[in-house]
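To start, the structure under review is shown below, and the notes come after it.
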Amino acid sequence: MGAKILMIEDEAGIILTVGDRLSAEGYEFESCPDGVAGEAIARNGNHDLIILDVMLPGKDGFAICGSLRANGIVKPILMLTARGQVSDRVAGLKLGADDYLGKPFDMTELLARIEALLRRAEASANAYDTGAEKADGDLVIDLKRGYISLKGSESPLSAQEIKLLDYFYRHADAIVSREELLNTVWGYDSDITTRTIDVHVARLRQKLGDVKDVPKYIHTIRGIGYKFTPPKG
Ligand code: CA
């Protein structure tokens with residue numbers, strides 16, 4: 001059985017098109033046209049991913065996203081925003097959405113985003129749930145217990161390092177900018193600078209046994225930020 005996807009969207013045409021295609025691709029598809037009812041389904045259901053429209057009757061997508069995250073729902077959320085609306089994108093990021101797609105969107109693009117999000121969610125879940133078994137040679141990352149073990153020597157992770165690593169796992173193999181980390185891992189209102197991020201990354205690298213000039217896991221993308229390659233289990 002394929003992954004289970006919930007789409008909260010009020011445009012019947014989009015629901016029909018996306019539902020047909022996702023079902024044809026082997027996904028289990030469920031939809032809800034109302035914000036309030038959709039949030040309830042998202043909270044109580046066992047979906048692997050949520051596609052969330054911004055403009056919805058009942059409750060808008062931003063409010064739903066924020067509320068789901070505040071209630072500890074960590075499943076991937078792909079938001080559908082009006083094309084080119086940067087403010088929408090930023091608002092969604094702040095509220096914990098994982099990715100964005102502008103309307104109207106291309107079906108191939110939607111499928112690619114869904115696949116990428118599901119892959120990252122799986123990598124993140126592995127780090128949490130079977131972290132102790134996810135070893136790369138002498139390295140063990142266990143986000144659930146909050147430690148990294150390198151060659152048998154354990155280093156505890158700070159809450160911020162866990163959040164940072166979790167974000168990296170959720171965006172594995174993708175370039176993540178310093179601003180993005182600042183806004184998501186630290187939060188908008190934080191008065192820290194991007195320099196603080198570099199300090200945290202340096203500390204994480206040390207715990208991972210990563211060498212700055214030839215890193216295996218956290219790569220520096222000059223002028224932008226970082227790219228995380230998860231250890232192979
Ligand atoms: Ca809508």
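Note on naming: chains are A, B, ... as they come in the structure tokens, residues start from 1 per chain, ligands start from 1 in the order shown.
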As a tab-separated table (two decimals) with all heavy atoms, in the first residue's frame, please: every residue in range 75-227 of chain A that DSSP puts in strand (DSSP E).
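Saved file part.tsv follows:
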```
chain	number	residue	atom	x	y	z
A	77	ILE	N	4.06	18.79	5.60
A	77	ILE	CA	2.97	19.61	5.07
A	77	ILE	C	3.47	20.35	3.84
A	77	ILE	O	4.48	21.06	3.89
A	77	ILE	CB	2.47	20.62	6.13
A	77	ILE	CG1	1.86	19.88	7.32
A	77	ILE	CG2	1.45	21.58	5.50
A	77	ILE	CD1	1.40	20.80	8.46
A	78	LEU	N	2.79	20.15	2.74
A	78	LEU	CA	3.08	20.86	1.49
A	78	LEU	C	1.98	21.89	1.30
A	78	LEU	O	0.81	21.54	1.15
A	78	LEU	CB	3.10	19.86	0.32
A	78	LEU	CG	3.20	20.42	-1.10
A	78	LEU	CD1	4.50	21.17	-1.31
A	78	LEU	CD2	3.07	19.31	-2.12
A	79	MET	N	2.36	23.16	1.32
A	79	MET	CA	1.34	24.20	1.19
A	79	MET	C	1.19	24.65	-0.25
A	79	MET	O	2.16	24.76	-0.99
A	79	MET	CB	1.68	25.39	2.07
A	79	MET	CG	1.56	25.08	3.56
A	79	MET	SD	1.29	26.53	4.58
A	79	MET	CE	-0.47	26.77	4.38
A	80	LEU	N	-0.05	24.91	-0.62
A	80	LEU	CA	-0.33	25.45	-1.95
A	80	LEU	C	-0.57	26.94	-1.80
A	80	LEU	O	-1.47	27.37	-1.09
A	80	LEU	CB	-1.58	24.77	-2.53
A	80	LEU	CG	-1.50	23.25	-2.69
A	80	LEU	CD1	-2.83	22.72	-3.21
A	80	LEU	CD2	-0.37	22.86	-3.64
A	81	THR	N	0.29	27.72	-2.42
A	81	THR	CA	0.17	29.17	-2.27
A	81	THR	C	-0.08	29.81	-3.63
A	81	THR	O	0.17	29.21	-4.66
A	81	THR	CB	1.45	29.77	-1.67
A	81	THR	OG1	2.53	29.52	-2.57
A	81	THR	CG2	1.78	29.17	-0.33
A	82	ALA	N	-0.57	31.05	-3.59
A	82	ALA	CA	-0.76	31.78	-4.83
A	82	ALA	C	0.61	32.04	-5.45
A	82	ALA	O	1.57	32.31	-4.74
A	82	ALA	CB	-1.48	33.10	-4.56
A	99	ASP	N	7.19	22.51	2.64
A	99	ASP	CA	7.44	22.91	1.26
A	99	ASP	C	6.23	23.67	0.73
A	99	ASP	O	5.18	23.68	1.35
A	99	ASP	CB	7.71	21.65	0.40
A	99	ASP	CG	8.51	21.99	-0.85
A	99	ASP	OD1	8.85	23.17	-1.05
A	99	ASP	OD2	8.77	21.06	-1.64
A	100	TYR	N	6.42	24.29	-0.42
A	100	TYR	CA	5.40	25.17	-0.99
A	100	TYR	C	5.32	24.93	-2.47
A	100	TYR	O	6.31	24.69	-3.13
A	100	TYR	CB	5.78	26.63	-0.80
A	100	TYR	CG	6.28	26.81	0.56
A	100	TYR	CD1	7.60	26.52	0.87
A	100	TYR	CD2	5.40	27.11	1.57
A	100	TYR	CE1	8.03	26.54	2.16
A	100	TYR	CE2	5.83	27.13	2.85
A	100	TYR	CZ	7.14	26.85	3.15
A	100	TYR	OH	7.57	26.86	4.42
A	101	LEU	N	4.13	25.06	-3.00
A	101	LEU	CA	3.96	24.96	-4.43
A	101	LEU	C	2.98	26.05	-4.82
A	101	LEU	O	1.91	26.18	-4.21
A	101	LEU	CB	3.43	23.57	-4.78
A	101	LEU	CG	3.59	23.09	-6.21
A	101	LEU	CD1	5.03	23.21	-6.68
A	101	LEU	CD2	3.14	21.64	-6.32
A	102	GLY	N	3.36	26.89	-5.81
A	102	GLY	CA	2.49	27.96	-6.24
A	102	GLY	C	1.40	27.44	-7.17
A	102	GLY	O	1.63	26.53	-7.95
A	103	LYS	N	0.23	28.02	-7.05
A	103	LYS	CA	-0.88	27.67	-7.94
A	103	LYS	C	-0.86	28.59	-9.15
A	103	LYS	O	-0.60	29.77	-8.98
A	103	LYS	CB	-2.22	27.84	-7.22
A	103	LYS	CG	-2.59	26.72	-6.30
A	103	LYS	CD	-3.93	27.09	-5.64
A	103	LYS	CE	-4.61	25.89	-5.05
A	103	LYS	NZ	-5.92	26.24	-4.48
A	135	ALA	N	23.65	3.32	12.05
A	135	ALA	CA	25.06	3.60	12.23
A	135	ALA	C	25.77	3.70	10.89
A	135	ALA	O	25.42	3.03	9.93
A	135	ALA	CB	25.69	2.50	13.06
A	136	ASP	N	26.74	4.56	10.81
A	136	ASP	CA	27.58	4.68	9.63
A	136	ASP	C	29.00	4.39	10.14
A	136	ASP	O	29.68	5.28	10.61
A	136	ASP	CB	27.47	6.08	9.05
A	136	ASP	CG	28.25	6.19	7.74
A	136	ASP	OD1	28.82	5.18	7.31
A	136	ASP	OD2	28.28	7.29	7.17
A	139	LEU	N	29.67	5.73	13.70
A	139	LEU	CA	28.81	6.85	14.07
A	139	LEU	C	27.37	6.41	14.30
A	139	LEU	O	26.79	5.69	13.49
A	139	LEU	CB	28.84	7.90	12.96
A	139	LEU	CG	27.92	9.10	13.14
A	139	LEU	CD1	28.37	9.98	14.29
A	139	LEU	CD2	27.86	9.91	11.85
A	140	VAL	N	26.78	6.84	15.42
A	140	VAL	CA	25.38	6.58	15.71
A	140	VAL	C	24.71	7.90	16.07
A	140	VAL	O	25.18	8.61	16.96
A	140	VAL	CB	25.21	5.59	16.88
A	140	VAL	CG1	23.73	5.39	17.21
A	140	VAL	CG2	25.87	4.25	16.57
A	141	ILE	N	23.63	8.23	15.35
A	141	ILE	CA	22.87	9.45	15.68
A	141	ILE	C	21.54	9.01	16.25
A	141	ILE	O	20.80	8.27	15.61
A	141	ILE	CB	22.63	10.31	14.44
A	141	ILE	CG1	23.97	10.76	13.83
A	141	ILE	CG2	21.77	11.53	14.79
A	141	ILE	CD1	23.82	11.49	12.52
A	142	ASP	N	21.23	9.43	17.46
A	142	ASP	CA	19.97	9.06	18.08
A	142	ASP	C	19.27	10.31	18.58
A	142	ASP	O	19.55	10.81	19.67
A	142	ASP	CB	20.23	8.08	19.24
A	142	ASP	CG	18.94	7.44	19.75
A	142	ASP	OD1	17.87	8.07	19.58
A	142	ASP	OD2	18.99	6.34	20.31
A	147	TYR	N	21.58	11.95	21.59
A	147	TYR	CA	23.03	11.85	21.65
A	147	TYR	C	23.62	11.39	20.32
A	147	TYR	O	22.92	10.83	19.47
A	147	TYR	CB	23.47	10.91	22.77
A	147	TYR	CG	23.35	9.44	22.43
A	147	TYR	CD1	24.44	8.74	21.88
A	147	TYR	CD2	22.17	8.75	22.64
A	147	TYR	CE1	24.32	7.39	21.55
A	147	TYR	CE2	22.05	7.41	22.32
A	147	TYR	CZ	23.13	6.73	21.77
A	147	TYR	OH	23.02	5.41	21.44
A	148	ILE	N	24.89	11.66	20.15
A	148	ILE	CA	25.65	11.15	19.03
A	148	ILE	C	26.76	10.31	19.62
A	148	ILE	O	27.42	10.73	20.57
A	148	ILE	CB	26.26	12.29	18.18
A	148	ILE	CG1	25.16	12.98	17.36
A	148	ILE	CG2	27.34	11.76	17.24
A	148	ILE	CD1	25.64	14.17	16.56
A	149	SER	N	26.93	9.14	19.07
A	149	SER	CA	28.01	8.29	19.53
A	149	SER	C	29.01	8.13	18.40
A	149	SER	O	28.65	7.77	17.28
A	149	SER	CB	27.44	6.93	19.95
A	149	SER	OG	28.52	6.02	20.15
A	150	LEU	N	30.26	8.45	18.70
A	150	LEU	CA	31.31	8.34	17.70
A	150	LEU	C	32.42	7.46	18.25
A	150	LEU	O	33.02	7.79	19.28
A	150	LEU	CB	31.84	9.74	17.36
A	150	LEU	CG	32.90	9.82	16.26
A	150	LEU	CD1	32.36	9.34	14.93
A	150	LEU	CD2	33.42	11.25	16.13
A	153	SER	N	32.24	6.73	21.86
A	153	SER	CA	32.21	7.82	22.82
A	153	SER	C	30.97	8.69	22.57
A	153	SER	O	30.76	9.18	21.46
A	153	SER	CB	33.51	8.61	22.72
A	153	SER	OG	33.29	9.96	22.92
A	154	GLU	N	30.15	8.87	23.62
A	154	GLU	CA	28.88	9.57	23.46
A	154	GLU	C	28.97	11.05	23.74
A	154	GLU	O	29.58	11.47	24.72
A	154	GLU	CB	27.83	8.95	24.40
A	154	GLU	CG	27.32	7.61	23.93
A	154	GLU	CD	26.06	7.18	24.68
A	154	GLU	OE1	25.59	7.94	25.55
A	154	GLU	OE2	25.57	6.08	24.39
A	155	SER	N	28.34	11.87	22.87
A	155	SER	CA	28.20	13.29	23.12
A	155	SER	C	26.72	13.61	23.19
A	155	SER	O	25.97	13.30	22.27
A	155	SER	CB	28.79	14.12	21.98
A	155	SER	OG	30.06	13.66	21.62
A	156	PRO	N	26.26	14.23	24.29
A	156	PRO	CA	24.86	14.62	24.37
A	156	PRO	C	24.59	15.78	23.41
A	156	PRO	O	25.48	16.60	23.15
A	156	PRO	CB	24.68	15.04	25.82
A	156	PRO	CG	26.04	15.37	26.31
A	156	PRO	CD	27.02	14.56	25.50
A	175	ILE	N	19.82	21.95	-0.36
A	175	ILE	CA	20.55	23.10	0.16
A	175	ILE	C	19.64	23.89	1.08
A	175	ILE	O	18.51	24.22	0.73
A	175	ILE	CB	21.06	23.99	-1.00
A	175	ILE	CG1	22.10	23.20	-1.81
A	175	ILE	CG2	21.64	25.29	-0.47
A	175	ILE	CD1	22.57	23.91	-3.06
A	176	VAL	N	20.14	24.14	2.27
A	176	VAL	CA	19.36	24.86	3.28
A	176	VAL	C	20.10	26.16	3.59
A	176	VAL	O	21.28	26.14	3.94
A	176	VAL	CB	19.25	24.00	4.55
A	176	VAL	CG1	18.58	24.77	5.65
A	176	VAL	CG2	18.50	22.71	4.27
A	177	SER	N	19.43	27.29	3.43
A	177	SER	CA	20.12	28.57	3.65
A	177	SER	C	20.18	28.89	5.14
A	177	SER	O	19.39	28.39	5.94
A	177	SER	CB	19.41	29.69	2.90
A	177	SER	OG	18.19	30.00	3.54
A	218	ILE	N	27.82	17.30	6.90
A	218	ILE	CA	27.34	18.67	6.77
A	218	ILE	C	28.26	19.45	5.84
A	218	ILE	O	29.40	19.78	6.20
A	218	ILE	CB	27.25	19.38	8.15
A	218	ILE	CG1	26.39	18.55	9.11
A	218	ILE	CG2	26.66	20.78	7.98
A	218	ILE	CD1	26.27	19.16	10.50
A	219	HIS	N	27.78	19.70	4.64
A	219	HIS	CA	28.58	20.39	3.63
A	219	HIS	C	28.27	21.87	3.63
A	219	HIS	O	27.12	22.28	3.74
A	219	HIS	CB	28.31	19.80	2.25
A	219	HIS	CG	28.45	18.31	2.20
A	219	HIS	ND1	29.65	17.69	1.93
A	219	HIS	CD2	27.56	17.32	2.45
A	219	HIS	CE1	29.47	16.37	2.00
A	219	HIS	NE2	28.22	16.13	2.31
A	220	THR	N	29.31	22.68	3.49
A	220	THR	CA	29.11	24.12	3.41
A	220	THR	C	28.82	24.50	1.96
A	220	THR	O	29.53	24.08	1.05
A	220	THR	CB	30.38	24.87	3.86
A	220	THR	OG1	30.67	24.50	5.21
A	220	THR	CG2	30.18	26.39	3.79
A	221	ILE	N	27.73	25.24	1.77
A	221	ILE	CA	27.44	25.76	0.43
A	221	ILE	C	27.78	27.25	0.49
A	221	ILE	O	27.05	28.04	1.10
A	221	ILE	CB	25.95	25.55	0.04
A	221	ILE	CG1	25.55	24.09	0.22
A	221	ILE	CG2	25.71	26.02	-1.39
A	221	ILE	CD1	26.31	23.09	-0.64
A	225	GLY	N	24.54	28.46	2.61
A	225	GLY	CA	24.26	27.76	3.87
A	225	GLY	C	24.88	26.38	3.88
A	225	GLY	O	26.08	26.23	3.67
A	226	TYR	N	24.02	25.35	4.04
A	226	TYR	CA	24.53	24.00	4.23
A	226	TYR	C	23.72	22.96	3.45
A	226	TYR	O	22.60	23.21	3.04
A	226	TYR	CB	24.49	23.63	5.71
A	226	TYR	CG	25.36	24.52	6.55
A	226	TYR	CD1	24.80	25.58	7.26
A	226	TYR	CD2	26.73	24.35	6.60
A	226	TYR	CE1	25.60	26.43	8.03
A	226	TYR	CE2	27.53	25.19	7.35
A	226	TYR	CZ	26.96	26.22	8.06
A	226	TYR	OH	27.75	27.05	8.79
A	227	LYS	N	24.33	21.79	3.32
A	227	LYS	CA	23.62	20.65	2.75
A	227	LYS	C	23.98	19.44	3.59
A	227	LYS	O	25.16	19.17	3.83
A	227	LYS	CB	24.02	20.42	1.30
A	227	LYS	CG	23.15	19.39	0.60
A	227	LYS	CD	23.52	19.23	-0.86
A	227	LYS	CE	24.59	18.17	-1.01
A	227	LYS	NZ	24.81	17.78	-2.41
```
Any residue with an atom at most 7 Å from ligand 1 counts, using only C-alpha atoms and all ligand atoms. Which are they? Put them as a PyMOL selection string.
chain A and resi 9-11+53-56
Excluding same-chain residues fewer than 5 positions from Ser31 in chain A, what lies within 10 Å of it counting only C-alpha atoms, as a PyMOL selection string?
chain A and resi 5-10+12+15-16+18-19+38+41+50-51
For those residues, write C-alpha atoms to a file as a short mmCIF file (atom, residue, chain, number, x, y, z; two decimals), in the first residue's frame.
```cif
data_model
loop_
_atom_site.label_atom_id
_atom_site.label_comp_id
_atom_site.auth_asym_id
_atom_site.auth_seq_id
_atom_site.Cartn_x
_atom_site.Cartn_y
_atom_site.Cartn_z
CA ILE A 5 -2.12 11.60 1.50
CA LEU A 6 -4.68 14.07 2.81
CA MET A 7 -5.53 17.10 0.71
CA ILE A 8 -7.32 20.00 2.37
CA GLU A 9 -8.54 22.02 -0.58
CA ASP A 10 -11.86 23.56 -1.57
CA ALA A 12 -13.36 20.62 -6.68
CA ILE A 15 -9.22 17.73 -5.83
CA LEU A 16 -10.44 15.65 -8.76
CA VAL A 18 -4.85 15.50 -8.00
CA GLY A 19 -6.90 12.65 -6.51
CA GLY A 38 -9.78 19.18 7.46
CA ILE A 41 -8.99 14.82 9.99
CA ILE A 50 -0.78 16.71 4.04
CA ILE A 51 -1.35 18.96 1.04
#
```
Would you list the contacts of Val74 in chain A as a ChimeraX atom specification, taking every protein, DNA or RNA residue within 12 Å and counting only C-alpha atoms, but skipping same-chain residues closer than 6 positions in sequence?
/A:42-43,46-50,65-68,95-98,121-122,124-125,166-167,170
So that I can check the surroundings of Ala174 in chain A, please list as a PyMOL selection string every protein, DNA and RNA residue that reaches within 10 Å of it, counting only C-alpha atoms and ignoring chain neighbours fewer than 6 positions away.
chain A and resi 116+120+168+226-229
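Counting only C-alpha atoms, the residue from A:Asn44, A:Glu30, A:Leu204, A:Leu117 that sits nearest to Gly72 in chain A is A:Asn44.
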Could you pull out all residues of chain A with a DSSP call of alpha helix (DSSP H) and give them as a ChimeraX atom specification?
/A:12-24,35-44,61-70,86-94,107-129,159-170,178-181,194-208
